[in-house]
>>> print(open('my_file.cif').read())   # mmCIF, C-alpha atoms
data_work
#
loop_
_atom_site.label_atom_id
_atom_site.label_comp_id
_atom_site.auth_asym_id
_atom_site.auth_seq_id
_atom_site.Cartn_x
_atom_site.Cartn_y
_atom_site.Cartn_z
CA MET E 1 228.56 271.25 105.34
CA LYS E 2 228.07 269.27 108.58
CA LYS E 3 225.02 271.38 109.37
CA ASP E 4 223.54 270.60 105.93
CA LEU E 5 224.09 266.87 106.42
CA SER E 6 222.50 267.08 109.86
CA ASN E 7 219.43 268.78 108.37
CA ILE E 8 219.18 266.13 105.65
CA ASN E 9 219.44 263.31 108.22
CA SER E 10 216.75 264.93 110.37
CA LEU E 11 214.47 265.22 107.35
CA GLU E 12 215.01 261.56 106.42
CA LYS E 13 214.19 260.47 109.98
CA ALA E 14 211.04 262.59 109.96
CA LEU E 15 209.95 261.05 106.68
CA ASP E 16 210.68 257.54 107.95
CA ALA E 17 208.69 258.23 111.09
CA SER E 18 205.73 259.40 109.06
CA GLU E 19 205.51 255.99 107.43
CA HIS E 20 204.86 254.22 110.75
CA GLY E 21 201.95 254.12 113.14
CA LEU E 22 198.30 254.97 112.53
CA THR E 23 199.05 257.56 109.83
CA ALA E 24 200.72 254.99 107.59
CA VAL E 25 197.93 252.47 108.16
CA PHE E 26 195.34 255.12 107.33
CA LYS E 27 197.15 256.13 104.14
CA LYS E 28 197.45 252.55 102.96
CA ALA E 29 193.81 251.83 103.76
CA LEU E 30 192.74 254.98 101.92
CA PHE E 31 194.83 254.05 98.91
CA MET E 32 193.45 250.49 98.81
CA SER E 33 189.89 251.79 99.17
CA TYR E 34 190.43 254.15 96.27
CA ARG E 35 191.80 251.35 94.08
CA LEU E 36 188.91 249.04 94.95
CA ALA E 37 186.35 251.79 94.29
CA ALA E 38 187.98 252.63 90.95
CA SER E 39 188.06 248.95 89.93
CA ALA E 40 184.42 248.49 90.94
CA ALA E 41 183.39 251.60 88.99
CA ALA E 42 185.29 250.42 85.91
CA TRP E 43 183.74 246.95 86.15
CA LEU E 44 180.24 248.43 86.50
CA VAL E 45 180.65 250.74 83.51
CA LYS E 46 181.93 247.93 81.30
CA TYR E 47 179.22 245.56 82.52
CA LEU E 48 176.50 248.08 81.65
CA ILE E 49 178.02 248.66 78.19
CA THR E 50 178.17 244.90 77.62
CA LEU E 51 174.57 244.45 78.74
CA ILE E 52 173.38 247.18 76.36
CA LEU E 53 175.31 245.67 73.45
CA PHE E 54 174.00 242.20 74.32
CA ILE E 55 170.40 243.44 74.22
CA VAL E 56 170.81 245.57 71.10
CA ILE E 57 173.03 243.26 69.04
CA THR E 58 173.27 239.72 70.41
CA LEU E 59 169.63 239.02 71.29
CA PRO E 60 168.15 239.93 67.87
CA VAL E 61 170.78 237.80 66.10
CA LEU E 62 170.15 234.92 68.51
CA VAL E 63 166.39 235.08 67.88
CA PHE E 64 167.02 234.98 64.11
CA LEU E 65 169.30 231.95 64.47
CA ILE E 66 166.75 230.10 66.61
CA PHE E 67 164.15 230.54 63.87
CA ARG E 68 166.70 229.56 61.22
CA LYS E 69 167.49 226.36 63.13
CA ALA E 70 163.80 225.56 63.44
CA PHE E 71 163.33 225.73 59.66
CA SER E 72 166.70 224.58 58.33
CA GLY E 73 168.26 222.59 61.18
CA ARG E 74 171.44 224.61 60.88
CA ASP E 75 173.43 224.90 64.13
CA ILE E 76 173.29 228.15 66.08
CA PHE E 77 176.84 228.09 67.45
CA ILE E 78 180.34 227.05 66.42
CA ALA E 79 182.54 226.10 69.41
CA VAL E 80 186.16 227.25 69.45
CA THR E 81 188.88 226.75 72.06
CA ILE E 82 190.83 229.94 72.74
CA ILE E 83 193.74 231.00 74.96
CA GLY E 84 192.16 232.25 78.18
CA GLN E 85 193.42 233.73 81.42
CA ARG E 86 196.86 232.43 82.46
CA GLY E 87 197.13 230.74 79.07
CA ALA E 88 194.55 228.09 79.91
CA PRO E 89 192.24 226.70 77.19
CA VAL E 90 188.73 228.18 77.25
CA VAL E 91 185.79 227.15 75.07
CA ILE E 92 183.64 229.93 73.62
CA LYS E 93 180.99 229.82 70.90
CA TYR E 94 180.59 232.01 67.85
CA PHE E 95 177.31 232.42 66.02
CA ASN E 96 177.16 230.21 62.92
CA PHE E 97 177.64 233.00 60.36
CA ASN E 98 180.21 233.59 57.65
CA LYS E 99 180.21 237.34 58.15
CA TYR E 100 182.72 238.45 60.78
CA TYR E 101 180.51 240.92 62.64
CA TRP E 102 177.45 238.67 62.94
CA ARG E 103 179.63 235.73 63.91
CA ASN E 104 181.37 237.67 66.69
CA SER E 105 178.19 239.22 68.07
CA SER E 106 177.80 236.12 70.27
CA LEU E 107 180.86 237.11 72.29
CA PHE E 108 178.95 239.49 74.54
CA ILE E 109 177.37 236.39 76.08
CA PHE E 110 180.79 235.23 77.21
CA VAL E 111 181.68 238.61 78.66
CA LEU E 112 178.57 238.38 80.84
CA ALA E 113 179.53 234.80 81.70
CA GLY E 114 183.01 235.88 82.81
CA LYS E 115 185.02 234.05 80.14
CA LEU E 116 185.96 237.18 78.19
CA GLN E 117 186.37 240.89 78.84
CA LEU E 118 184.81 243.71 76.87
CA THR E 119 188.29 245.12 76.20
CA GLY E 120 191.58 243.30 76.47
CA LEU E 121 194.09 241.31 74.47
CA SER E 122 192.99 239.95 71.12
CA ILE E 123 191.22 236.58 71.10
CA LYS E 124 193.48 233.79 69.84
CA GLU E 125 192.63 230.18 69.12
CA TYR E 126 194.29 227.71 71.48
CA ASP E 127 197.36 226.72 69.54
CA MET E 128 200.91 226.74 70.85
CA HIS E 129 201.94 228.46 67.59
CA ASN E 130 199.99 231.48 68.82
CA ARG E 131 202.35 231.80 71.79
CA VAL E 132 205.70 233.55 71.51
CA PRO E 133 208.58 233.85 73.99
CA GLY E 134 208.00 236.68 76.45
CA ASP E 135 204.20 236.78 76.15
CA ALA E 136 203.35 235.23 79.56
CA CYS E 137 202.74 238.68 81.09
CA LEU E 138 199.92 239.24 78.59
CA TYR E 139 197.76 236.40 79.91
CA THR E 140 197.22 237.60 83.46
CA ALA E 141 193.74 238.77 82.37
CA ARG E 142 191.02 237.40 80.11
CA PRO E 143 191.09 238.32 76.39
CA GLY E 144 188.67 240.97 75.14
CA ILE E 145 186.24 241.53 72.29
CA PHE E 146 187.73 244.96 71.59
CA SER E 147 191.52 245.06 71.34
CA LEU E 148 194.21 247.47 70.22
CA TRP E 149 195.41 244.83 67.76
CA PHE E 150 191.95 244.68 66.14
CA LEU E 151 191.86 248.48 65.90
CA ARG E 152 195.29 248.86 64.31
CA SER E 153 195.08 245.82 62.05
CA SER E 154 191.64 246.90 60.77
CA SER E 155 193.05 250.28 59.77
CA ARG E 156 196.14 248.55 58.35
CA ILE E 157 198.59 250.43 60.57
CA ALA E 158 199.67 247.49 62.76
CA HIS E 159 203.30 247.93 61.71
CA LYS E 160 204.74 246.72 65.00
CA SER E 161 204.59 243.06 65.96
CA LYS E 162 201.44 241.72 67.58
CA LEU E 163 203.36 241.17 70.83
CA GLU E 164 204.51 244.82 70.91
CA ILE E 165 201.00 246.13 70.29
CA GLU E 166 199.47 243.88 72.93
CA MET E 167 202.12 244.99 75.44
CA GLU E 168 201.40 248.62 74.56
CA TYR E 169 197.75 248.05 75.41
CA ASN E 170 198.64 246.37 78.71
CA PHE E 171 200.88 249.27 79.65
CA LYS E 172 198.31 252.00 78.88
CA ARG E 173 195.07 250.26 79.80
CA GLY E 174 192.53 251.97 82.05
CA LEU E 175 188.82 252.82 82.06
CA ARG E 176 189.24 255.95 79.96
CA GLU E 177 191.53 254.20 77.46
CA ASP E 178 189.19 251.20 77.23
CA ILE E 179 186.12 253.35 76.52
CA LEU E 180 188.07 255.25 73.84
CA LEU E 181 189.18 251.91 72.40
CA ILE E 182 185.54 250.82 72.05
CA ILE E 183 184.56 254.12 70.44
CA LYS E 184 187.48 254.01 67.98
CA SER E 185 186.70 250.39 67.09
CA ILE E 186 183.30 251.38 65.67
CA PRO E 187 184.64 253.30 62.63
CA ALA E 188 187.69 251.02 62.39
CA ALA E 189 185.37 248.02 62.02
CA PHE E 190 184.28 249.50 58.69
CA PHE E 191 187.80 248.89 57.37
CA HIS E 192 188.17 245.38 58.81
CA VAL E 193 188.77 242.51 56.40
CA ASP E 194 188.44 238.95 57.72
CA VAL E 195 190.91 237.09 55.52
CA LYS E 196 193.96 234.89 56.02
CA ASP E 197 195.28 234.54 52.46
CA TYR E 198 196.65 237.55 50.58
CA HIS E 199 197.91 237.96 47.04
CA ALA E 200 201.56 238.98 46.77
CA GLU E 201 200.65 241.64 44.22
CA ILE E 202 197.54 243.75 43.64
CA ASN E 203 196.40 245.29 40.36
CA LEU E 204 194.38 248.48 40.84
CA LEU E 205 193.41 250.73 37.93
CA GLY E 206 196.15 249.13 35.85
CA ILE E 207 198.91 249.76 38.41
CA LYS E 208 200.44 246.72 40.10
CA PHE E 209 201.86 247.16 43.58
CA GLN E 210 203.38 244.90 46.22
CA ASN E 211 201.19 243.54 49.02
CA MET E 212 203.50 243.23 52.02
CA THR E 213 203.72 244.03 55.69
CA MET E 214 206.01 246.85 56.78
CA SER E 215 208.55 244.41 58.19
CA GLU E 216 208.57 242.42 54.94
CA ALA E 217 209.11 245.58 52.89
CA VAL E 218 212.00 246.81 55.06
CA GLU E 219 213.64 243.38 55.04
CA ARG E 220 213.35 243.29 51.24
CA ILE E 221 215.05 246.69 51.00
CA ALA E 222 217.81 245.57 53.36
CA ALA E 223 218.38 242.42 51.30
CA HIS E 224 218.79 244.42 48.07
CA ILE E 225 221.29 246.80 49.67
CA GLY E 226 223.20 243.87 51.17
CA SER E 227 223.36 242.20 47.75
CA ASN E 228 224.50 245.43 46.08
CA GLU E 229 221.31 245.55 43.99
CA ARG E 230 219.78 248.84 42.85
CA ARG E 231 216.03 249.49 43.16
CA LYS E 232 213.53 252.32 42.57
CA ILE E 233 210.72 252.52 45.11
CA PHE E 234 207.54 254.60 44.85
CA PHE E 235 204.35 254.96 46.90
CA VAL E 236 200.80 255.41 45.58
CA ASN E 237 197.79 256.96 47.31
CA PRO E 238 194.36 257.91 45.86
CA ASP E 239 195.73 261.23 44.60
CA CYS E 240 198.51 259.37 42.77
CA PHE E 241 195.95 257.10 41.11
CA ASN E 242 193.96 260.15 40.00
CA LYS E 243 197.11 261.65 38.47
CA ILE E 244 197.69 258.66 36.18
CA PHE E 245 194.56 259.64 34.24
CA SER E 246 195.89 263.10 33.40
CA ASP E 247 199.61 262.29 33.21
CA LYS E 248 200.40 259.34 30.96
CA GLY E 249 204.13 259.78 31.52
CA TYR E 250 203.62 259.20 35.25
CA PHE E 251 201.44 256.16 34.48
CA GLU E 252 204.17 254.67 32.29
CA LEU E 253 207.04 255.27 34.71
CA LEU E 254 205.12 253.59 37.54
CA HIS E 255 205.33 250.43 35.45
CA LYS E 256 209.11 250.77 35.48
CA ALA E 257 209.36 250.92 39.28
CA ASP E 258 210.91 247.97 41.07
CA TYR E 259 208.54 248.36 44.01
CA ILE E 260 205.34 250.28 44.53
CA PHE E 261 203.82 250.38 48.01
CA PRO E 262 200.20 251.28 48.88
CA ASP E 263 199.75 254.45 50.93
CA GLY E 264 196.58 255.47 52.77
CA ILE E 265 193.21 254.28 53.95
CA GLY E 266 191.70 255.08 50.53
CA VAL E 267 193.84 252.44 48.82
CA HIS E 268 192.91 249.95 51.56
CA LEU E 269 189.20 250.58 50.94
CA ALA E 270 189.69 250.25 47.18
CA CYS E 271 191.44 246.89 47.65
CA LYS E 272 188.58 245.78 49.88
CA MET E 273 186.12 246.80 47.15
CA ILE E 274 187.86 244.67 44.52
CA ASN E 275 188.07 241.70 46.94
CA ASN E 276 191.85 241.74 46.99
CA PRO E 277 192.63 242.89 50.54
CA LEU E 278 195.69 244.83 51.57
CA LYS E 279 198.08 243.49 54.20
CA GLU E 280 199.22 246.86 55.52
CA ASN E 281 199.30 250.53 54.67
CA ILE E 282 202.96 251.18 53.83
CA ASN E 283 203.67 254.89 53.57
CA GLY E 284 207.04 256.62 53.70
CA THR E 285 206.36 258.44 56.97
CA ASP E 286 205.55 255.23 58.85
CA MET E 287 208.37 253.38 57.12
CA LEU E 288 211.11 255.85 58.10
CA PRO E 289 211.61 254.69 61.74
CA PHE E 290 211.86 251.07 60.60
CA LEU E 291 214.33 252.03 57.85
CA CYS E 292 216.43 253.97 60.34
CA GLN E 293 216.54 251.08 62.82
CA MET E 294 217.50 248.69 60.03
CA ALA E 295 220.16 251.10 58.71
CA LEU E 296 221.63 251.53 62.20
CA GLN E 297 221.93 247.78 62.67
CA ARG E 298 223.56 247.22 59.29
CA GLY E 299 225.59 250.41 58.88
CA PHE E 300 223.67 251.76 55.88
CA SER E 301 223.61 255.47 55.04
CA PHE E 302 221.00 258.00 53.83
CA TYR E 303 221.06 261.08 51.62
CA LEU E 304 218.16 263.55 51.78
CA VAL E 305 217.01 265.56 48.77
CA GLY E 306 213.86 267.69 48.80
CA GLY E 307 211.69 270.09 50.72
CA LYS E 308 211.93 273.86 51.07
CA PRO E 309 215.32 275.40 51.96
CA GLY E 310 216.20 274.38 55.51
CA ILE E 311 213.72 271.50 55.80
CA ALA E 312 216.13 268.72 54.77
CA ALA E 313 218.75 270.15 57.14
CA ARG E 314 216.24 270.14 60.02
CA MET E 315 215.24 266.58 59.19
CA LYS E 316 218.91 265.53 59.13
CA ALA E 317 219.47 267.09 62.56
CA ARG E 318 216.42 265.40 64.02
CA LEU E 319 217.33 262.00 62.57
CA GLU E 320 220.82 262.25 64.04
CA ASN E 321 219.32 263.19 67.40
CA ASP E 322 216.67 260.43 67.37
CA TYR E 323 219.03 257.74 66.05
CA PRO E 324 222.54 258.38 67.40
CA GLY E 325 225.09 256.84 65.07
CA LEU E 326 222.81 256.88 62.02
CA LYS E 327 224.78 257.83 58.90
CA ILE E 328 223.27 260.82 57.06
CA ALA E 329 225.71 261.33 54.19
CA GLY E 330 224.25 264.69 53.14
CA GLU E 331 221.19 266.80 52.44
CA GLN E 332 219.96 269.10 49.68
CA HIS E 333 216.79 271.19 49.52
CA GLY E 334 214.45 270.58 46.60
CA TYR E 335 214.17 274.16 45.35
CA PHE E 336 216.90 273.93 42.72
CA ASP E 337 216.57 274.16 38.93
CA ARG E 338 216.20 270.53 37.97
CA GLU E 339 217.31 271.18 34.39
CA LYS E 340 220.40 273.25 35.17
CA ASP E 341 221.47 272.10 38.63
CA SER E 342 220.68 268.37 38.71
CA ALA E 343 224.18 267.45 37.51
CA ALA E 344 225.79 269.29 40.44
CA VAL E 345 223.34 267.73 42.93
CA LEU E 346 224.03 264.28 41.50
CA SER E 347 227.76 264.87 41.77
CA ARG E 348 227.46 265.66 45.50
CA ILE E 349 225.29 262.56 46.05
CA ASN E 350 227.71 260.34 44.15
CA GLU E 351 230.67 261.58 46.19
CA GLN E 352 228.98 260.17 49.31
CA ARG E 353 227.73 256.92 47.73
CA PRO E 354 224.65 256.62 50.02
CA ASP E 355 222.78 253.36 50.36
CA ILE E 356 219.34 254.99 50.50
CA LEU E 357 218.40 258.19 48.68
CA LEU E 358 215.17 259.82 49.86
CA VAL E 359 213.69 262.23 47.31
CA ALA E 360 210.88 264.56 48.42
CA PHE E 361 209.74 266.76 45.52
CA GLY E 362 206.11 265.67 45.54
CA VAL E 363 204.26 263.42 43.09
CA PRO E 364 204.96 262.99 40.17
CA VAL E 365 208.00 265.31 40.02
CA GLN E 366 210.09 263.12 42.34
CA GLU E 367 209.28 259.92 40.43
CA LYS E 368 210.18 261.54 37.10
CA TRP E 369 213.44 262.92 38.50
CA ILE E 370 214.42 259.53 39.89
CA GLU E 371 213.52 257.79 36.62
CA ASP E 372 215.44 260.32 34.50
CA ASN E 373 218.55 260.22 36.68
CA PHE E 374 218.58 256.73 38.15
CA ASP E 375 221.40 255.45 35.92
CA LYS E 376 223.53 258.43 37.01
CA ILE E 377 222.90 258.08 40.76
CA ASN E 378 225.43 256.13 42.81
CA CYS E 379 223.03 254.70 45.40
CA ARG E 380 221.33 251.37 46.02
CA ILE E 381 217.79 252.48 46.83
CA ALA E 382 216.11 255.59 45.40
CA MET E 383 212.79 256.30 47.05
CA GLY E 384 210.18 259.00 46.33
CA VAL E 385 208.76 260.05 49.70
CA GLY E 386 206.45 263.02 49.06
CA GLY E 387 205.79 265.07 52.20
CA LEU E 388 207.97 262.98 54.52
CA PHE E 389 210.52 265.76 55.14
CA ASP E 390 207.80 268.24 56.12
CA PHE E 391 206.31 265.78 58.60
CA TYR E 392 209.53 264.58 60.18
CA SER E 393 211.16 268.00 60.40
CA GLY E 394 208.07 269.34 62.17
CA ASN E 395 207.23 271.78 59.37
CA ILE E 396 203.78 270.17 59.05
CA LYS E 397 202.11 268.48 61.99
CA ARG E 398 201.06 264.88 61.44
CA ALA E 399 197.70 263.48 62.53
CA PRO E 400 197.64 262.01 66.06
CA THR E 401 197.63 258.23 66.38
CA TRP E 402 193.94 258.05 67.28
CA MET E 403 192.97 259.73 63.98
CA ARG E 404 195.18 257.35 62.02
CA GLU E 405 193.60 254.42 63.88
CA ILE E 406 190.12 255.36 62.63
CA GLY E 407 191.26 256.16 59.07
CA MET E 408 190.90 259.94 59.42
CA GLU E 409 194.45 261.11 58.78
CA TRP E 410 193.28 262.65 55.52
CA PHE E 411 190.82 264.86 57.41
CA PHE E 412 193.57 266.09 59.72
CA ARG E 413 195.65 266.99 56.65
CA PHE E 414 192.69 268.97 55.35
CA LEU E 415 192.38 270.83 58.66
CA MET E 416 196.09 271.73 58.51
CA GLU E 417 195.97 272.93 54.88
CA PRO E 418 192.30 273.46 53.94
CA LYS E 419 192.85 275.47 50.74
CA ARG E 420 195.43 273.11 49.27
CA MET E 421 193.81 269.87 50.39
CA PHE E 422 190.10 270.55 49.75
CA LYS E 423 190.19 269.52 46.10
CA ARG E 424 192.43 266.52 46.75
CA TYR E 425 190.19 265.00 49.40
CA PHE E 426 186.65 266.26 48.90
CA VAL E 427 186.77 266.05 45.11
CA GLY E 428 189.63 263.65 44.46
CA ASN E 429 188.62 260.89 46.87
CA PRO E 430 185.06 260.47 45.49
CA VAL E 431 186.50 260.54 41.95
CA PHE E 432 188.98 257.83 42.93
CA ILE E 433 186.25 255.61 44.40
CA PHE E 434 184.09 256.11 41.29
CA ARG E 435 187.00 255.12 39.05
CA VAL E 436 187.67 252.00 41.13
CA LEU E 437 184.00 250.94 40.93
CA ARG E 438 183.90 251.54 37.17
CA TRP E 439 187.20 249.70 36.66
CA LYS E 440 185.98 246.77 38.76
CA SER E 441 182.71 246.60 36.83
CA LYS E 442 184.53 246.45 33.49
CA LYS E 443 186.97 243.86 34.82
CA ASP E 444 184.13 241.67 36.17
CA LYS E 445 182.35 241.78 32.80
CA LYS E 446 185.48 240.62 30.98
CA GLU E 447 185.85 237.71 33.37
#
>>> encode(input="my_file.cif", output="structure tokens")
Amino acid sequence: MKKDLSNINSLEKALDASEHGLTAVFKKALFMSYRLAASAAAWLVKYLITLILFIVITLPVLVFLIFRKAFSGRDIFIAVTIIGQRGAPVVIKYFNFNKYYWRNSSLFIFVLAGKLQLTGLSIKEYDMHNRVPGDACLYTARPGIFSLWFLRSSSRIAHKSKLEIEMEYNFKRGLREDILLIIKSIPAAFFHVDVKDYHAEINLLGIKFQNMTMSEAVERIAAHIGSNERRKIFFVNPDCFNKIFSDKGYFELLHKADYIFPDGIGVHLACKMINNPLKENINGTDMLPFLCQMALQRGFSFYLVGGKPGIAARMKARLENDYPGLKIAGEQHGYFDREKDSAAVLSRINEQRPDILLVAFGVPVQEKWIEDNFDKINCRIAMGVGGLFDFYSGNIKRAPTWMREIGMEWFFRFLMEPKRMFKRYFVGNPVFIFRVLRWKSKKDKKE
């Protein structure tokens, strides 16, 4: 034992000695040189990208605005004071356009001038209401034209707070990540909606659904459970909207739901088309972590019904592992005879009196089962969640974040299950868009 300790002490002394003298100075100098070279390379790459974008985008727009001013007298720029580096006020100028993209194309000028960065935190107008406690660490650098907040909010998956998303960017930022951010922002820009006022409810193809953020939806659910109020909650995606045309019973029961939440980039695009923009994409898979955190804090319980044999049990085990202390009152696979065995399943659910019942039979079977049995179920919230169990249990892989950020989760689903998903996406999605356009045209004519 003494010999081992002696060896350890000798090793520690040798390591300490290696950190002194010329060797240590050389290592530190080499490390600093590498950091400076990497920073210089990153700056040069971003500067060249900015210069290209300035020439290709900003200059043509500027020339147009100069001619417009000559003939109409209309100003070229609109000055705005924003929060700059270290939280100081900085004046930048947008092009005098209503359209978001043309208006913001002036910003490359201010990157070249050193007031902005190509990538960074989102640009915020200088207003103390835009500051929140704990955000000082975010303002060590200049804000950027391309930001993670813009990317996620454009695709309607910015479910975390703005502060959390900005901190996530700060933690992961680097040349590679910044270049990928720029690339991802190109398709995401197609989904961007520049609006501040949203309607609380949206009517699409005769189905009305709630227009909320994820946090608002989860808080609403928590409030109903806390008040001992019972609610049915469903989600609708483009495939669901297509089904209402062939299944009138499904169409009618959607009107009986207490809450319907919009699911998927297709619904977001449809809302953009009818000029009634969506706040956020609220699907069951993204909602689950927020529901679990809320349930943990307030002591609420879940019951899981659905999926192939073994899937609900795997999901239960994973939830209990990911959220220690979370109450999972029970689980039941979905491959039972719903005519003969529903009474027994309901009896087991009612014995546990769960707060939240998640039902995953697929659309519209789950919605019909909930509607038919809701008065017999002893739970507060009954929610139809489609493929949630398959995703969370790991039975089906979910699209990586970068594909969700550019609105391509549907394509990943197709790659995972090409035979089953081909008709839904490559036939169903165009049909859905056509129906939305036709419905909008008829609605506009009536108005």
>>> closest_residue(input="my_file.cif", among="E:Met167, E:Val91, E:Leu346, E:Val132", to="Trp149 of chain E", atoms="only C-alpha atoms")
E:Met167
>>> atom_distance(input="my_file.cif", atom1="atom CA of Asp197 of chain E", atom2="atom CA of Lys124 of chain E")
17.5 Å
>>> atom_distance(input="my_file.cif", atom1="atom CA of Val359 of chain E", atom2="atom CA of Phe241 of chain E")
19.5 Å
>>> atom_distance(input="my_file.cif", atom1="atom CA of Asn104 of chain E", atom2="atom CA of Glu280 of chain E")
23.0 Å
>>> residues_around(input="my_file.cif", residues="Ile57 of chain E", least_positions_apart="2", cutoff="9 Å", atoms="only C-alpha atoms", output="JSON, numbers by chain")
{"E": [52, 53, 54, 55, 59, 60, 61, 62, 102, 105, 106, 108]}
>>> resolve_selection(input="my_file.cif", expression="the PyMOL selection byres ((chain E and resi 275) around 12)", output="PyMOL selection string")
chain E and resi 193-195+197-199+202-204+268-274+276-278+436-437+440+444
>>> resolve_selection(input="my_file.cif", expression="the PyMOL selection byres ((chain E and resi 94) around 7)", output="VMD selection string")
chain E and resid 77 to 79 92 to 93 95 to 96 103 to 104 106 to 107
>>> closest_residue(input="my_file.cif", among="E:Asp375, E:Asp322, E:Glu216, E:Glu339", to="Ser393 of chain E", atoms="all atoms listed in the file")
E:Asp322
>>> closest_residue(input="my_file.cif", among="E:Asp127, E:Glu417, E:Glu229, E:Glu331", to="Ile311 of chain E", atoms="only C-alpha atoms")
E:Glu331
>>> residues_around(input="my_file.cif", residues="Leu151 of chain E", least_positions_apart="3", cutoff="12 Å", atoms="only C-alpha atoms", output="PDB file with C-alpha atoms, in the coordinates of the input")
ATOM      1  CA  THR E 119     188.290 245.120  76.200  1.00  0.00           C
ATOM      2  CA  GLY E 120     191.580 243.300  76.470  1.00  0.00           C
ATOM      3  CA  LEU E 121     194.090 241.310  74.470  1.00  0.00           C
ATOM      4  CA  SER E 122     192.990 239.950  71.120  1.00  0.00           C
ATOM      5  CA  ILE E 145     186.240 241.530  72.290  1.00  0.00           C
ATOM      6  CA  PHE E 146     187.730 244.960  71.590  1.00  0.00           C
ATOM      7  CA  SER E 147     191.520 245.060  71.340  1.00  0.00           C
ATOM      8  CA  LEU E 148     194.210 247.470  70.220  1.00  0.00           C
ATOM      9  CA  SER E 154     191.640 246.900  60.770  1.00  0.00           C
ATOM     10  CA  SER E 155     193.050 250.280  59.770  1.00  0.00           C
ATOM     11  CA  ARG E 156     196.140 248.550  58.350  1.00  0.00           C
ATOM     12  CA  ILE E 157     198.590 250.430  60.570  1.00  0.00           C
ATOM     13  CA  ALA E 158     199.670 247.490  62.760  1.00  0.00           C
ATOM     14  CA  LYS E 162     201.440 241.720  67.580  1.00  0.00           C
ATOM     15  CA  ILE E 165     201.000 246.130  70.290  1.00  0.00           C
ATOM     16  CA  GLU E 166     199.470 243.880  72.930  1.00  0.00           C
ATOM     17  CA  TYR E 169     197.750 248.050  75.410  1.00  0.00           C
ATOM     18  CA  ASP E 178     189.190 251.200  77.230  1.00  0.00           C
ATOM     19  CA  LEU E 180     188.070 255.250  73.840  1.00  0.00           C
ATOM     20  CA  LEU E 181     189.180 251.910  72.400  1.00  0.00           C
ATOM     21  CA  ILE E 182     185.540 250.820  72.050  1.00  0.00           C
ATOM     22  CA  ILE E 183     184.560 254.120  70.440  1.00  0.00           C
ATOM     23  CA  LYS E 184     187.480 254.010  67.980  1.00  0.00           C
ATOM     24  CA  SER E 185     186.700 250.390  67.090  1.00  0.00           C
ATOM     25  CA  ILE E 186     183.300 251.380  65.670  1.00  0.00           C
ATOM     26  CA  PRO E 187     184.640 253.300  62.630  1.00  0.00           C
ATOM     27  CA  ALA E 188     187.690 251.020  62.390  1.00  0.00           C
ATOM     28  CA  ALA E 189     185.370 248.020  62.020  1.00  0.00           C
ATOM     29  CA  PHE E 190     184.280 249.500  58.690  1.00  0.00           C
ATOM     30  CA  PHE E 191     187.800 248.890  57.370  1.00  0.00           C
ATOM     31  CA  HIS E 192     188.170 245.380  58.810  1.00  0.00           C
ATOM     32  CA  VAL E 193     188.770 242.510  56.400  1.00  0.00           C
ATOM     33  CA  THR E 401     197.630 258.230  66.380  1.00  0.00           C
ATOM     34  CA  TRP E 402     193.940 258.050  67.280  1.00  0.00           C
ATOM     35  CA  MET E 403     192.970 259.730  63.980  1.00  0.00           C
ATOM     36  CA  ARG E 404     195.180 257.350  62.020  1.00  0.00           C
ATOM     37  CA  GLU E 405     193.600 254.420  63.880  1.00  0.00           C
ATOM     38  CA  ILE E 406     190.120 255.360  62.630  1.00  0.00           C
ATOM     39  CA  GLY E 407     191.260 256.160  59.070  1.00  0.00           C
TER      40      GLY E 407
END
>>> residues_near_point(input="my_file.cif", point="(220.1, 250.6, 61.3)", cutoff="10 Å", atoms="all atoms listed in the file", output="list of chain:residue names")
E:Ala222, E:Pro289, E:Phe290, E:Leu291, E:Cys292, E:Gln293, E:Met294, E:Ala295, E:Leu296, E:Gln297, E:Arg298, E:Gly299, E:Phe300, E:Ser301, E:Tyr323, E:Gly325, E:Leu326, E:Lys327
>>> closest_residue(input="my_file.cif", among="E:Lys248, E:Arg380, E:Arg438, E:Lys160", to="Arg231 of chain E", atoms="all atoms listed in the file")
E:Arg380
>>> closest_residue(input="my_file.cif", among="E:Ile265, E:Leu112, E:Leu253, E:Ala41", to="Val365 of chain E", atoms="all atoms listed in the file")
E:Leu253
>>> resolve_selection(input="my_file.cif", expression="the PyMOL selection byres ((chain E and resi 420-425) around 12)", output="PyMOL selection string")
chain E and resi 237-243+264+266+408-419+426-433
>>> write_last_selection(input="my_file.cif", atoms="C-alpha atoms", output="compact mmCIF listing (two decimals), keeping the file's coordinate frame")
# COMPACT_ATOMS: atom_id res chain seq x y z
CA ASN E 237 197.79 256.96 47.31
CA PRO E 238 194.36 257.91 45.86
CA ASP E 239 195.73 261.23 44.60
CA CYS E 240 198.51 259.37 42.77
CA PHE E 241 195.95 257.10 41.11
CA ASN E 242 193.96 260.15 40.00
CA LYS E 243 197.11 261.65 38.47
CA GLY E 264 196.58 255.47 52.77
CA GLY E 266 191.70 255.08 50.53
CA MET E 408 190.90 259.94 59.42
CA GLU E 409 194.45 261.11 58.78
CA TRP E 410 193.28 262.65 55.52
CA PHE E 411 190.82 264.86 57.41
CA PHE E 412 193.57 266.09 59.72
CA ARG E 413 195.65 266.99 56.65
CA PHE E 414 192.69 268.97 55.35
CA LEU E 415 192.38 270.83 58.66
CA MET E 416 196.09 271.73 58.51
CA GLU E 417 195.97 272.93 54.88
CA PRO E 418 192.30 273.46 53.94
CA LYS E 419 192.85 275.47 50.74
CA PHE E 426 186.65 266.26 48.90
CA VAL E 427 186.77 266.05 45.11
CA GLY E 428 189.63 263.65 44.46
CA ASN E 429 188.62 260.89 46.87
CA PRO E 430 185.06 260.47 45.49
CA VAL E 431 186.50 260.54 41.95
CA PHE E 432 188.98 257.83 42.93
CA ILE E 433 186.25 255.61 44.40
